[in-house]
$ cat query-v5.txt   # compact mmCIF, C-alpha atoms and all ligand atoms
# COMPACT_ATOMS: atom_id res chain seq x y z
CA MET A 392 2.29 17.93 15.40
CA LYS A 393 0.80 18.29 11.94
CA TYR A 394 0.87 15.42 9.45
CA LEU A 395 0.39 15.53 5.72
CA VAL A 396 -0.79 12.07 4.69
CA THR A 397 -0.94 11.60 0.92
CA GLY A 398 -3.21 8.91 -0.50
CA GLY A 399 -5.07 8.72 2.79
CA ALA A 400 -8.32 7.63 1.15
CA GLY A 401 -6.73 4.40 -0.08
CA PHE A 402 -6.35 1.10 1.71
CA ILE A 403 -3.25 1.57 3.87
CA GLY A 404 -3.50 5.37 4.11
CA SER A 405 -7.02 5.27 5.57
CA ASN A 406 -6.03 2.59 8.08
CA PHE A 407 -2.99 4.71 8.99
CA ILE A 408 -5.05 7.89 9.57
CA MET A 409 -7.45 6.03 11.87
CA TYR A 410 -4.53 4.41 13.70
CA ILE A 411 -2.71 7.73 14.28
CA LEU A 412 -5.80 9.65 15.40
CA GLN A 413 -6.53 6.93 17.92
CA LYS A 414 -2.97 6.58 19.17
CA HIS A 415 -1.84 10.23 19.33
CA PRO A 416 -4.47 12.59 20.81
CA SER A 417 -2.70 15.84 20.01
CA VAL A 418 -1.99 15.49 16.29
CA SER A 419 -3.68 17.03 13.31
CA ILE A 420 -3.79 15.40 9.89
CA ILE A 421 -4.30 16.73 6.38
CA ASN A 422 -5.24 13.98 3.96
CA LEU A 423 -4.36 14.91 0.38
CA ASP A 424 -5.92 12.46 -2.05
CA ALA A 425 -6.98 12.73 -5.68
CA LEU A 426 -9.75 10.14 -5.17
CA THR A 427 -8.77 7.98 -8.12
CA TYR A 428 -10.69 4.71 -8.57
CA ALA A 429 -8.76 3.42 -5.52
CA GLY A 430 -9.58 6.31 -3.18
CA ASN A 431 -12.76 6.09 -1.13
CA LEU A 432 -13.82 8.55 1.54
CA GLU A 433 -16.21 5.97 2.96
CA ASN A 434 -13.10 4.36 4.49
CA LEU A 435 -12.78 7.42 6.74
CA GLU A 436 -16.39 7.87 7.84
CA SER A 437 -15.42 7.15 11.45
CA VAL A 438 -13.09 10.18 11.57
CA GLN A 439 -14.63 12.61 9.07
CA ASP A 440 -16.05 14.84 11.83
CA ASP A 441 -12.93 14.71 13.99
CA PRO A 442 -11.66 18.33 14.27
CA ARG A 443 -8.08 17.01 14.06
CA TYR A 444 -8.70 15.67 10.55
CA LYS A 445 -9.03 17.56 7.28
CA PHE A 446 -9.49 16.19 3.77
CA ILE A 447 -8.22 17.98 0.68
CA LYS A 448 -9.11 16.57 -2.72
CA GLY A 449 -6.16 17.11 -5.01
CA ASP A 450 -3.34 15.64 -6.98
CA ILE A 451 0.20 15.31 -5.63
CA THR A 452 1.50 16.41 -9.03
CA ASP A 453 -0.26 19.79 -8.58
CA ASN A 454 2.66 22.06 -7.57
CA LYS A 455 0.51 25.00 -6.60
CA LEU A 456 -1.83 23.06 -4.34
CA VAL A 457 1.03 21.12 -2.73
CA ASP A 458 2.85 24.41 -2.06
CA GLU A 459 -0.23 25.90 -0.39
CA ILE A 460 -0.51 22.88 1.88
CA PHE A 461 3.15 23.03 2.94
CA GLU A 462 2.88 26.76 3.46
CA SER A 463 0.33 26.06 6.20
CA GLY A 464 3.13 24.28 8.14
CA ILE A 465 3.71 20.52 8.01
CA ASP A 466 5.82 18.56 10.49
CA TYR A 467 5.54 15.02 9.14
CA VAL A 468 4.84 13.85 5.61
CA VAL A 469 3.72 10.25 5.26
CA HIS A 470 3.58 9.58 1.56
CA PHE A 471 1.28 6.75 0.48
CA ALA A 472 -0.27 8.24 -2.66
CA ALA A 473 0.51 6.05 -5.63
CA GLU A 474 -0.87 4.00 -8.42
CA SER A 475 -0.50 0.69 -6.68
CA HIS A 476 -1.71 -2.19 -8.83
CA VAL A 477 0.85 -4.20 -10.83
CA ASP A 478 -1.69 -5.51 -13.34
CA ARG A 479 -2.85 -2.00 -14.23
CA SER A 480 0.77 -0.92 -14.71
CA ILE A 481 1.16 -3.68 -17.30
CA LEU A 482 -1.92 -2.40 -19.15
CA ASP A 483 -0.69 1.23 -19.06
CA ALA A 484 2.43 2.50 -17.29
CA SER A 485 2.09 6.23 -17.97
CA ILE A 486 0.01 7.21 -14.94
CA PHE A 487 2.40 5.17 -12.74
CA VAL A 488 5.34 7.30 -13.82
CA LYS A 489 3.35 10.51 -13.46
CA THR A 490 1.96 9.86 -9.99
CA ASN A 491 4.64 7.68 -8.43
CA VAL A 492 7.75 9.39 -9.78
CA MET A 493 6.72 12.95 -10.66
CA GLY A 494 4.26 13.26 -7.77
CA THR A 495 6.96 12.24 -5.32
CA GLN A 496 9.32 14.83 -6.80
CA VAL A 497 6.69 17.58 -6.35
CA LEU A 498 6.26 16.62 -2.68
CA LEU A 499 10.01 16.42 -2.10
CA ASP A 500 10.55 19.87 -3.60
CA ALA A 501 7.84 21.36 -1.41
CA ALA A 502 9.24 19.62 1.68
CA LYS A 503 12.67 21.01 0.84
CA ARG A 504 11.34 24.54 0.30
CA TYR A 505 9.25 24.75 3.43
CA GLY A 506 11.17 22.36 5.70
CA VAL A 507 9.72 19.35 7.53
CA THR A 508 10.73 17.33 10.56
CA LYS A 509 10.46 14.06 8.63
CA PHE A 510 9.38 12.81 5.19
CA VAL A 511 8.47 9.13 5.27
CA HIS A 512 8.15 7.51 1.87
CA VAL A 513 6.05 4.35 1.93
CA SER A 514 7.52 1.92 -0.57
CA THR A 515 7.32 -1.77 -1.27
CA ASP A 516 9.42 -4.95 -1.22
CA GLU A 517 8.65 -5.26 -4.94
CA VAL A 518 11.46 -2.81 -5.73
CA TYR A 519 13.97 -5.57 -4.91
CA GLY A 520 12.71 -7.82 -7.72
CA SER A 521 12.23 -11.57 -7.38
CA LEU A 522 13.89 -14.11 -5.08
CA GLY A 523 14.78 -17.72 -5.74
CA ALA A 524 13.70 -20.46 -3.34
CA THR A 525 15.98 -19.20 -0.57
CA GLY A 526 17.21 -15.89 0.83
CA LEU A 527 15.43 -12.73 1.97
CA PHE A 528 15.44 -9.06 0.96
CA LEU A 529 17.67 -6.87 3.12
CA GLU A 530 17.67 -3.08 3.08
CA ASP A 531 20.87 -3.10 1.00
CA THR A 532 19.66 -5.69 -1.51
CA PRO A 533 20.14 -4.05 -4.95
CA LEU A 534 16.98 -2.66 -6.50
CA ALA A 535 15.87 -4.78 -9.47
CA PRO A 536 12.21 -3.97 -10.14
CA ASN A 537 10.51 -6.11 -12.78
CA SER A 538 7.10 -4.48 -13.32
CA PRO A 539 6.29 -0.93 -14.42
CA TYR A 540 4.68 -0.47 -10.98
CA SER A 541 7.75 -1.55 -9.03
CA ALA A 542 10.03 0.38 -11.40
CA SER A 543 8.06 3.56 -10.73
CA LYS A 544 8.24 2.92 -6.97
CA ALA A 545 11.99 2.27 -7.21
CA GLY A 546 12.32 5.54 -9.13
CA SER A 547 10.55 7.39 -6.33
CA ASP A 548 12.71 5.64 -3.69
CA LEU A 549 15.83 6.85 -5.49
CA LEU A 550 14.53 10.42 -5.64
CA VAL A 551 13.84 10.33 -1.89
CA ARG A 552 17.34 9.02 -1.27
CA ALA A 553 18.81 11.70 -3.53
CA TYR A 554 16.99 14.54 -1.73
CA HIS A 555 18.51 13.29 1.50
CA GLU A 556 22.01 13.00 0.06
CA THR A 557 21.92 16.24 -1.95
CA PHE A 558 19.82 18.55 0.21
CA GLY A 559 19.91 16.88 3.60
CA LEU A 560 16.14 16.39 3.57
CA PRO A 561 15.18 14.36 6.68
CA VAL A 562 13.74 11.21 5.13
CA ASN A 563 13.04 7.56 5.71
CA ILE A 564 11.97 4.93 3.21
CA THR A 565 9.92 1.93 4.30
CA ARG A 566 9.62 -1.21 2.18
CA CYS A 567 6.80 -3.46 3.25
CA SER A 568 5.52 -6.78 2.01
CA ASN A 569 1.91 -7.43 0.89
CA ASN A 570 -0.70 -5.98 3.22
CA TYR A 571 -4.15 -7.37 3.90
CA GLY A 572 -7.05 -6.21 6.05
CA PRO A 573 -10.13 -3.94 6.00
CA PHE A 574 -10.74 -1.43 3.19
CA GLN A 575 -8.50 -3.07 0.58
CA PHE A 576 -9.77 -2.52 -2.95
CA PRO A 577 -11.19 -5.79 -4.34
CA GLU A 578 -8.74 -5.93 -7.27
CA LYS A 579 -6.02 -7.17 -4.88
CA LEU A 580 -5.60 -10.88 -4.20
CA ILE A 581 -7.24 -11.43 -0.79
CA PRO A 582 -10.30 -9.15 -1.11
CA LEU A 583 -10.77 -10.27 -4.73
CA MET A 584 -10.90 -13.89 -3.66
CA ILE A 585 -13.21 -13.18 -0.72
CA ALA A 586 -15.58 -11.11 -2.87
CA ASN A 587 -15.67 -13.64 -5.71
CA ALA A 588 -16.14 -16.58 -3.35
CA LEU A 589 -19.02 -14.83 -1.58
CA SER A 590 -20.65 -14.21 -4.99
CA ASP A 591 -19.93 -17.82 -6.13
CA LYS A 592 -17.85 -16.44 -9.01
CA SER A 593 -14.65 -18.06 -10.35
CA LEU A 594 -11.48 -17.32 -8.39
CA PRO A 595 -8.82 -16.43 -11.02
CA VAL A 596 -5.37 -17.73 -10.07
CA TYR A 597 -2.35 -16.77 -12.17
CA GLY A 598 -0.14 -19.49 -13.69
CA ASP A 599 0.51 -22.43 -11.38
CA GLY A 600 -0.52 -20.49 -8.26
CA LEU A 601 2.87 -21.10 -6.68
CA ASN A 602 4.14 -17.52 -6.59
CA ILE A 603 5.07 -16.64 -3.03
CA ARG A 604 4.36 -13.41 -1.14
CA ASP A 605 4.93 -12.38 2.46
CA TRP A 606 1.71 -11.11 4.09
CA LEU A 607 1.31 -8.53 6.85
CA TYR A 608 -1.89 -7.35 8.54
CA VAL A 609 -2.36 -3.66 7.68
CA GLU A 610 -2.47 -2.45 11.29
CA ASP A 611 1.00 -3.90 11.83
CA HIS A 612 2.23 -1.91 8.84
CA CYS A 613 0.69 1.24 10.40
CA SER A 614 2.44 0.64 13.73
CA ALA A 615 5.75 0.17 11.91
CA ILE A 616 5.37 3.44 9.99
CA ASP A 617 4.43 5.24 13.21
CA LEU A 618 7.68 4.03 14.77
CA VAL A 619 9.70 5.08 11.74
CA VAL A 620 8.11 8.56 11.77
CA HIS A 621 9.18 9.14 15.36
CA GLN A 622 12.29 7.03 15.80
CA GLY A 623 13.67 6.19 12.37
CA GLU A 624 17.25 7.28 11.91
CA LEU A 625 17.44 9.97 9.21
CA GLY A 626 18.25 8.71 5.74
CA GLU A 627 17.62 5.06 6.63
CA VAL A 628 15.56 2.44 4.83
CA TYR A 629 13.44 0.02 6.90
CA ASN A 630 12.07 -3.28 5.62
CA ILE A 631 8.73 -4.31 7.12
CA GLY A 632 7.41 -7.86 6.84
CA GLY A 633 5.23 -10.47 8.47
CA ASN A 634 7.59 -13.46 8.34
CA ASN A 635 4.60 -15.10 6.78
CA GLU A 636 5.26 -16.41 3.29
CA ARG A 637 2.42 -18.14 1.46
CA THR A 638 1.86 -19.29 -2.12
CA ASN A 639 -1.06 -17.63 -3.85
CA ILE A 640 -2.89 -20.92 -4.06
CA GLN A 641 -2.52 -21.40 -0.28
CA ILE A 642 -4.15 -18.00 0.21
CA VAL A 643 -7.00 -18.84 -2.14
CA LYS A 644 -7.63 -22.20 -0.47
CA THR A 645 -7.58 -20.56 2.99
CA VAL A 646 -10.28 -18.11 1.85
CA LEU A 647 -12.42 -20.93 0.45
CA THR A 648 -12.06 -23.02 3.61
CA GLU A 649 -12.90 -20.09 5.90
CA LEU A 650 -16.00 -19.32 3.83
CA GLY A 651 -17.03 -22.97 3.46
CA LYS A 652 -16.86 -22.75 -0.34
CA SER A 653 -15.75 -25.39 -2.86
CA GLU A 654 -12.30 -25.47 -4.45
CA SER A 655 -14.09 -26.04 -7.77
CA LEU A 656 -14.44 -22.23 -7.91
CA ILE A 657 -10.69 -21.95 -8.58
CA GLU A 658 -9.90 -21.12 -12.21
CA TYR A 659 -6.27 -20.99 -13.34
CA VAL A 660 -5.70 -18.15 -15.82
CA GLN A 661 -2.77 -17.13 -18.00
CA ASP A 662 0.14 -15.95 -15.85
CA ARG A 663 0.84 -12.26 -15.29
CA LEU A 664 3.61 -10.96 -17.58
CA GLY A 665 6.95 -10.80 -15.74
CA HIS A 666 5.33 -12.32 -12.64
CA ASP A 667 7.85 -12.23 -9.78
CA ARG A 668 8.19 -15.69 -8.28
CA ARG A 669 8.94 -14.96 -4.66
CA TYR A 670 9.24 -12.04 -2.24
CA GLY A 671 10.57 -12.53 1.27
CA ILE A 672 11.46 -9.80 3.75
CA ASP A 673 14.11 -9.70 6.45
CA ALA A 674 12.68 -7.22 8.98
CA THR A 675 15.45 -7.64 11.56
CA LYS A 676 16.53 -4.00 11.34
CA ILE A 677 13.20 -2.42 12.34
CA THR A 678 12.61 -5.16 14.89
CA GLN A 679 15.97 -4.75 16.60
CA GLN A 680 16.62 -1.03 16.15
CA LEU A 681 13.09 0.34 16.67
CA GLY A 682 11.54 -2.50 18.70
CA TRP A 683 8.73 -3.13 16.19
CA LYS A 684 6.73 -6.33 16.60
CA PRO A 685 3.67 -7.37 14.56
CA GLN A 686 0.58 -8.09 16.67
CA PHE A 687 -1.42 -10.15 14.19
CA ASP A 688 -0.20 -13.47 12.86
CA PHE A 689 -1.93 -14.87 9.78
CA GLU A 690 -4.10 -17.23 11.82
CA LYS A 691 -5.54 -14.21 13.63
CA GLY A 692 -5.45 -11.65 10.79
CA MET A 693 -7.14 -13.72 8.08
CA PRO A 694 -10.36 -14.62 9.93
CA LYS A 695 -10.56 -10.99 11.13
CA THR A 696 -10.20 -9.77 7.53
CA ILE A 697 -12.72 -12.24 6.12
CA GLN A 698 -15.21 -11.27 8.83
CA TRP A 699 -14.76 -7.59 7.89
CA TYR A 700 -15.60 -8.32 4.23
CA LEU A 701 -18.61 -10.37 5.35
CA ASP A 702 -19.83 -7.51 7.55
CA ASN A 703 -19.17 -4.80 4.95
CA GLN A 704 -20.53 -6.28 1.74
CA SER A 705 -22.15 -3.00 0.68
CA TRP A 706 -18.68 -1.35 0.80
CA TRP A 707 -17.09 -3.65 -1.75
CA LYS A 708 -20.23 -4.30 -3.80
CA ARG A 709 -20.56 -0.58 -4.53
CA ILE A 710 -16.97 -0.52 -5.78
CA GLN A 711 -17.42 -3.57 -8.02
CA SER A 712 -19.22 -1.73 -10.80
CA GLY A 713 -18.53 0.57 -13.72
CA GLU A 714 -14.84 1.10 -14.38
CA TYR A 715 -13.85 -1.78 -12.11
CA GLU A 716 -16.01 -4.28 -13.97
CA GLU A 717 -14.49 -3.20 -17.29
CA TYR A 718 -10.95 -3.56 -15.91
CA TYR A 719 -11.73 -6.96 -14.35
CA THR A 720 -13.08 -8.43 -17.57
CA LYS A 721 -10.11 -7.14 -19.56
CA GLN A 722 -7.62 -8.49 -17.02
CA TYR A 723 -8.93 -12.02 -16.46
CA GLY A 724 -11.25 -12.61 -19.40
CA LEU A 725 -13.80 -13.70 -16.76
CA ARG A 726 -17.13 -12.23 -15.74
P1 LIG B 801 -4.31 2.23 -2.81
O1 LIG B 801 -4.28 2.06 -4.29
O2 LIG B 801 -5.37 1.54 -2.03
O3 LIG B 801 -4.41 3.78 -2.45
C1 LIG B 801 -3.72 4.77 -3.15
C2 LIG B 801 -4.35 6.11 -2.82
O4 LIG B 801 -3.59 7.13 -3.48
C3 LIG B 801 -5.80 6.24 -3.31
O5 LIG B 801 -6.60 6.79 -2.29
C4 LIG B 801 -5.70 7.19 -4.50
O6 LIG B 801 -6.86 7.98 -4.68
C5 LIG B 801 -4.50 8.03 -4.10
N1 LIG B 801 -3.82 8.61 -5.26
C6 LIG B 801 -3.45 8.00 -6.40
N2 LIG B 801 -2.90 8.88 -7.24
C7 LIG B 801 -2.89 10.08 -6.61
C8 LIG B 801 -2.42 11.38 -6.94
N3 LIG B 801 -1.85 11.60 -8.13
N4 LIG B 801 -2.56 12.38 -6.04
C9 LIG B 801 -3.14 12.15 -4.84
N5 LIG B 801 -3.61 10.95 -4.47
C10 LIG B 801 -3.49 9.92 -5.34
O7 LIG B 801 -2.86 1.83 -2.31
P2 LIG B 801 -2.41 1.10 -0.96
O8 LIG B 801 -2.49 -0.36 -1.15
O9 LIG B 801 -3.08 1.74 0.17
O10 LIG B 801 -0.86 1.49 -0.96
C11 LIG B 801 -0.42 2.73 -0.40
C12 LIG B 801 1.07 2.85 -0.57
O11 LIG B 801 1.72 1.75 0.06
C13 LIG B 801 1.53 2.84 -2.03
O12 LIG B 801 2.55 3.79 -2.17
C14 LIG B 801 2.07 1.43 -2.23
O13 LIG B 801 3.10 1.42 -3.17
C15 LIG B 801 2.58 1.10 -0.85
N6 LIG B 801 2.57 -0.32 -0.49
C16 LIG B 801 1.41 -1.06 -0.62
C17 LIG B 801 1.41 -2.39 -0.24
C18 LIG B 801 0.15 -3.24 -0.32
O14 LIG B 801 0.22 -4.44 -0.08
N7 LIG B 801 -1.01 -2.67 -0.61
C19 LIG B 801 2.58 -2.98 0.27
C20 LIG B 801 3.72 -2.19 0.40
C21 LIG B 801 3.70 -0.87 0.02
$ encode --input "query-v5.txt" --output "structure tokens"
Amino acid sequence: MKYLVTGGAGFIGSNFIMYILQKHPSVSIINLDALTYAGNLENLESVQDDPRYKFIKGDITDNKLVDEIFESGIDYVVHFAAESHVDRSILDASIFVKTNVMGTQVLLDAAKRYGVTKFVHVSTDEVYGSLGATGLFLEDTPLAPNSPYSASKAGSDLLVRAYHETFGLPVNITRCSNNYGPFQFPEKLIPLMIANALSDKSLPVYGDGLNIRDWLYVEDHCSAIDLVVHQGELGEVYNIGGNNERTNIQIVKTVLTELGKSESLIEYVQDRLGHDRRYGIDATKITQQLGWKPQFDFEKGMPKTIQWYLDNQSWWKRIQSGEYEEYYTKQYGLR
């Protein structure tokens, strides 16, 4: 079975490639990634010489290249490639529309032309918008994205749905809550806080710190996608979540406690524009219909993650320079 994984040099995509190569001996994987600021081939050093794995540097909006890849015969597409950071989408939305919406359309057209067994589109709970204090997102919760990032993801979800309805393309859409774990770019909440705490820098917390997210260890997301690839009913959407809601300030304080650092490092900064208050996922469907069960609760996943960032300081220190430093200063007004 031949996979095309898009965005496989990013956080979740690289974890997914390593997970699949370990779990399924007789697969081959093409990783198509443009290596934007978020893509890093160092994530995949452990598999780079595996004959089952091939990397192609390229953009998912490049029709010609995408066609050539599909022409070589693809069974499963697992589509991660995206601009993925909400804050950057508030600074400039254009690349989000290009990659997330138009790139998805290019892949869908190629999948339609050449035929695939399954096209799995990896989306996010953010497409559902924000919740009040109670209730959870279900797969049929109306889409109500509030950020340019989530709007572009919702746009791509709707295209995937439309290609199923119009052309009968065999698709699934997954909508997962916030992931954490190894190889996450240090602009995202948990690695940012770990990296700053280890460097004794301020930990910027938006607004009152009480925004709530559900958190899932990345390997559990990978196992869920693997199940959807092989067992997901065609045309269906699957929510994926950790049943693990935390306020941002709880996360930050957990990091500080684990690292033995002082809470005086916390610095409240001006809230993110349009900041969604709460996300919460009901993952009953994938649990009951596909038998998915997360293996890592937060108490196990967080220390494991923190230990990884402690052991791999050269990985994130190399990233924290140049373009990233410029972005960071602009975003938080902090050094
Ligand atoms: P990431 O930013 O770490 O990785 C994205 C990857 O896509 C990078 O390797 C980048 O180089 C590549 N890419 C970007 N534009 C491209 C293009 N035009 N052509 C080819 N490659 C391109 O993102 P992530 O956190 O790993 O998220 C992966 C997917 O999962 C995204 O679609 C995201 O919306 C979704 N998702 C993420 C989370 C999360 O918590 N991180 C949760 C739910 C869903």
$ closest_residue --input "query-v5.txt" --among "A:Thr427, A:Asp516, A:Thr490, A:Gln622" --to "A:Asp453" --atoms "all atoms listed in the file"
A:Thr490
$ residues_around --input "query-v5.txt" --residues "A:Ile616" --least-positions-apart "3" --cutoff "12 Å" --atoms "only C-alpha atoms" --output "PyMOL selection string"
chain A and resi 396+403-404+406-408+410-411+467-471+509-514+563-567+609-613+619-623+628-632+677+681+683-685
$ residues_near_ligand --input "query-v5.txt" --ligand "ligand LIG 801 (chain B)" --cutoff "7 Å" --atoms "all atoms listed in the file" --output "PDB file with C-alpha atoms, in the coordinates of the input"
ATOM      1  CA  THR A 397      -0.940  11.600   0.920  1.00  0.00           C
ATOM      2  CA  GLY A 398      -3.210   8.910  -0.500  1.00  0.00           C
ATOM      3  CA  GLY A 399      -5.070   8.720   2.790  1.00  0.00           C
ATOM      4  CA  ALA A 400      -8.320   7.630   1.150  1.00  0.00           C
ATOM      5  CA  GLY A 401      -6.730   4.400  -0.080  1.00  0.00           C
ATOM      6  CA  PHE A 402      -6.350   1.100   1.710  1.00  0.00           C
ATOM      7  CA  ILE A 403      -3.250   1.570   3.870  1.00  0.00           C
ATOM      8  CA  GLY A 404      -3.500   5.370   4.110  1.00  0.00           C
ATOM      9  CA  LEU A 423      -4.360  14.910   0.380  1.00  0.00           C
ATOM     10  CA  ASP A 424      -5.920  12.460  -2.050  1.00  0.00           C
ATOM     11  CA  ALA A 425      -6.980  12.730  -5.680  1.00  0.00           C
ATOM     12  CA  LEU A 426      -9.750  10.140  -5.170  1.00  0.00           C
ATOM     13  CA  THR A 427      -8.770   7.980  -8.120  1.00  0.00           C
ATOM     14  CA  TYR A 428     -10.690   4.710  -8.570  1.00  0.00           C
ATOM     15  CA  ALA A 429      -8.760   3.420  -5.520  1.00  0.00           C
ATOM     16  CA  GLY A 430      -9.580   6.310  -3.180  1.00  0.00           C
ATOM     17  CA  ASN A 431     -12.760   6.090  -1.130  1.00  0.00           C
ATOM     18  CA  GLY A 449      -6.160  17.110  -5.010  1.00  0.00           C
ATOM     19  CA  ASP A 450      -3.340  15.640  -6.980  1.00  0.00           C
ATOM     20  CA  ILE A 451       0.200  15.310  -5.630  1.00  0.00           C
ATOM     21  CA  THR A 452       1.500  16.410  -9.030  1.00  0.00           C
ATOM     22  CA  HIS A 470       3.580   9.580   1.560  1.00  0.00           C
ATOM     23  CA  PHE A 471       1.280   6.750   0.480  1.00  0.00           C
ATOM     24  CA  ALA A 472      -0.270   8.240  -2.660  1.00  0.00           C
ATOM     25  CA  ALA A 473       0.510   6.050  -5.630  1.00  0.00           C
ATOM     26  CA  GLU A 474      -0.870   4.000  -8.420  1.00  0.00           C
ATOM     27  CA  SER A 475      -0.500   0.690  -6.680  1.00  0.00           C
ATOM     28  CA  HIS A 476      -1.710  -2.190  -8.830  1.00  0.00           C
ATOM     29  CA  THR A 490       1.960   9.860  -9.990  1.00  0.00           C
ATOM     30  CA  GLY A 494       4.260  13.260  -7.770  1.00  0.00           C
ATOM     31  CA  VAL A 513       6.050   4.350   1.930  1.00  0.00           C
ATOM     32  CA  SER A 514       7.520   1.920  -0.570  1.00  0.00           C
ATOM     33  CA  THR A 515       7.320  -1.770  -1.270  1.00  0.00           C
ATOM     34  CA  ASP A 516       9.420  -4.950  -1.220  1.00  0.00           C
ATOM     35  CA  LYS A 544       8.240   2.920  -6.970  1.00  0.00           C
ATOM     36  CA  ARG A 566       9.620  -1.210   2.180  1.00  0.00           C
ATOM     37  CA  CYS A 567       6.800  -3.460   3.250  1.00  0.00           C
ATOM     38  CA  SER A 568       5.520  -6.780   2.010  1.00  0.00           C
ATOM     39  CA  ASN A 569       1.910  -7.430   0.890  1.00  0.00           C
ATOM     40  CA  ASN A 570      -0.700  -5.980   3.220  1.00  0.00           C
ATOM     41  CA  TYR A 571      -4.150  -7.370   3.900  1.00  0.00           C
ATOM     42  CA  GLN A 575      -8.500  -3.070   0.580  1.00  0.00           C
ATOM     43  CA  PHE A 576      -9.770  -2.520  -2.950  1.00  0.00           C
TER      44      PHE A 576
END
$ closest_residue --input "query-v5.txt" --among "A:Lys489, A:Trp707, A:Asp500, A:Ala615" --to "A:Leu583" --atoms "all atoms listed in the file"
A:Trp707
$ residues_around --input "query-v5.txt" --residues "A:Thr645" --least-positions-apart "5" --cutoff "9 Å" --atoms "all atoms listed in the file" --output "number ranges by chain"
A: 640, 650, 693
$ atom_distance --input "query-v5.txt" --atom1 "atom CA of A:Arg669" --atom2 "atom CA of A:Trp606"
12.0 Å
$ atom_distance --input "query-v5.txt" --atom1 "atom CA of A:Ile460" --atom2 "atom CA of A:Met493"
17.6 Å
$ atom_distance --input "query-v5.txt" --atom1 "atom CA of A:Lys445" --atom2 "atom CA of A:Asn422"
6.2 Å
$ residues_around --input "query-v5.txt" --residues "A:Val646" --least-positions-apart "6" --cutoff "10 Å" --atoms "all atoms listed in the file" --output "ChimeraX atom specification"
/A:581-582,584-586,588-589,640,652,654,693-694,697
$ closest_residue --input "query-v5.txt" --among "A:Lys448, A:Phe487, A:Phe461, A:Asp466" --to "A:Tyr394" --atoms "all atoms listed in the file"
A:Asp466
$ residues_around --input "query-v5.txt" --residues "A:Leu656" --least-positions-apart "5" --cutoff "8 Å" --atoms "all atoms listed in the file" --output "JSON list (two decimals) with C-alpha atoms, in the frame of the given file"
[["chain", "number", "residue", "atom", "x", "y", "z"],
["A", 588, "ALA", "CA", -16.14, -16.58, -3.35],
["A", 591, "ASP", "CA", -19.93, -17.82, -6.13],
["A", 592, "LYS", "CA", -17.85, -16.44, -9.01],
["A", 593, "SER", "CA", -14.65, -18.06, -10.35],
["A", 594, "LEU", "CA", -11.48, -17.32, -8.39]]
$ closest_residue --input "query-v5.txt" --among "A:Tyr597, A:Phe528, A:Tyr519, A:Phe558" --to "A:Ala502" --atoms "all atoms listed in the file"
A:Phe558
$ decode --input "query-v5.txt" --residues "stretch 476-487 of chain A" --atoms "N, CA and C atoms" --output "short mmCIF file (atom, residue, chain, number, x, y, z; two decimals), in the first residue's frame"
data_model
loop_
_atom_site.label_atom_id
_atom_site.label_comp_id
_atom_site.auth_asym_id
_atom_site.auth_seq_id
_atom_site.Cartn_x
_atom_site.Cartn_y
_atom_site.Cartn_z
N HIS A 476 -0.86 28.03 12.06
CA HIS A 476 -0.80 28.82 13.29
C HIS A 476 -1.75 30.02 13.25
N VAL A 477 -2.72 30.00 14.18
CA VAL A 477 -3.77 31.03 14.23
C VAL A 477 -3.17 32.44 14.25
N ASP A 478 -2.18 32.66 15.10
CA ASP A 478 -1.62 34.02 15.23
C ASP A 478 -1.07 34.52 13.90
N ARG A 479 -0.41 33.65 13.16
CA ARG A 479 0.13 34.07 11.86
C ARG A 479 -1.00 34.39 10.88
N SER A 480 -2.12 33.68 11.00
CA SER A 480 -3.24 33.94 10.09
C SER A 480 -3.87 35.30 10.37
N ILE A 481 -3.72 35.78 11.61
CA ILE A 481 -4.24 37.11 11.96
C ILE A 481 -3.31 38.18 11.40
N LEU A 482 -2.01 37.88 11.36
CA LEU A 482 -1.05 38.83 10.77
C LEU A 482 -1.21 38.91 9.25
N ASP A 483 -1.45 37.75 8.60
CA ASP A 483 -1.58 37.71 7.13
C ASP A 483 -2.30 36.42 6.72
N ALA A 484 -3.51 36.59 6.18
CA ALA A 484 -4.34 35.41 5.88
C ALA A 484 -4.07 34.81 4.50
N SER A 485 -3.36 35.55 3.62
CA SER A 485 -3.34 35.14 2.21
C SER A 485 -2.74 33.75 2.00
N ILE A 486 -1.63 33.45 2.65
CA ILE A 486 -0.99 32.15 2.45
C ILE A 486 -1.87 31.02 3.01
N PHE A 487 -2.72 31.35 3.99
CA PHE A 487 -3.63 30.35 4.56
C PHE A 487 -4.67 29.93 3.54
#
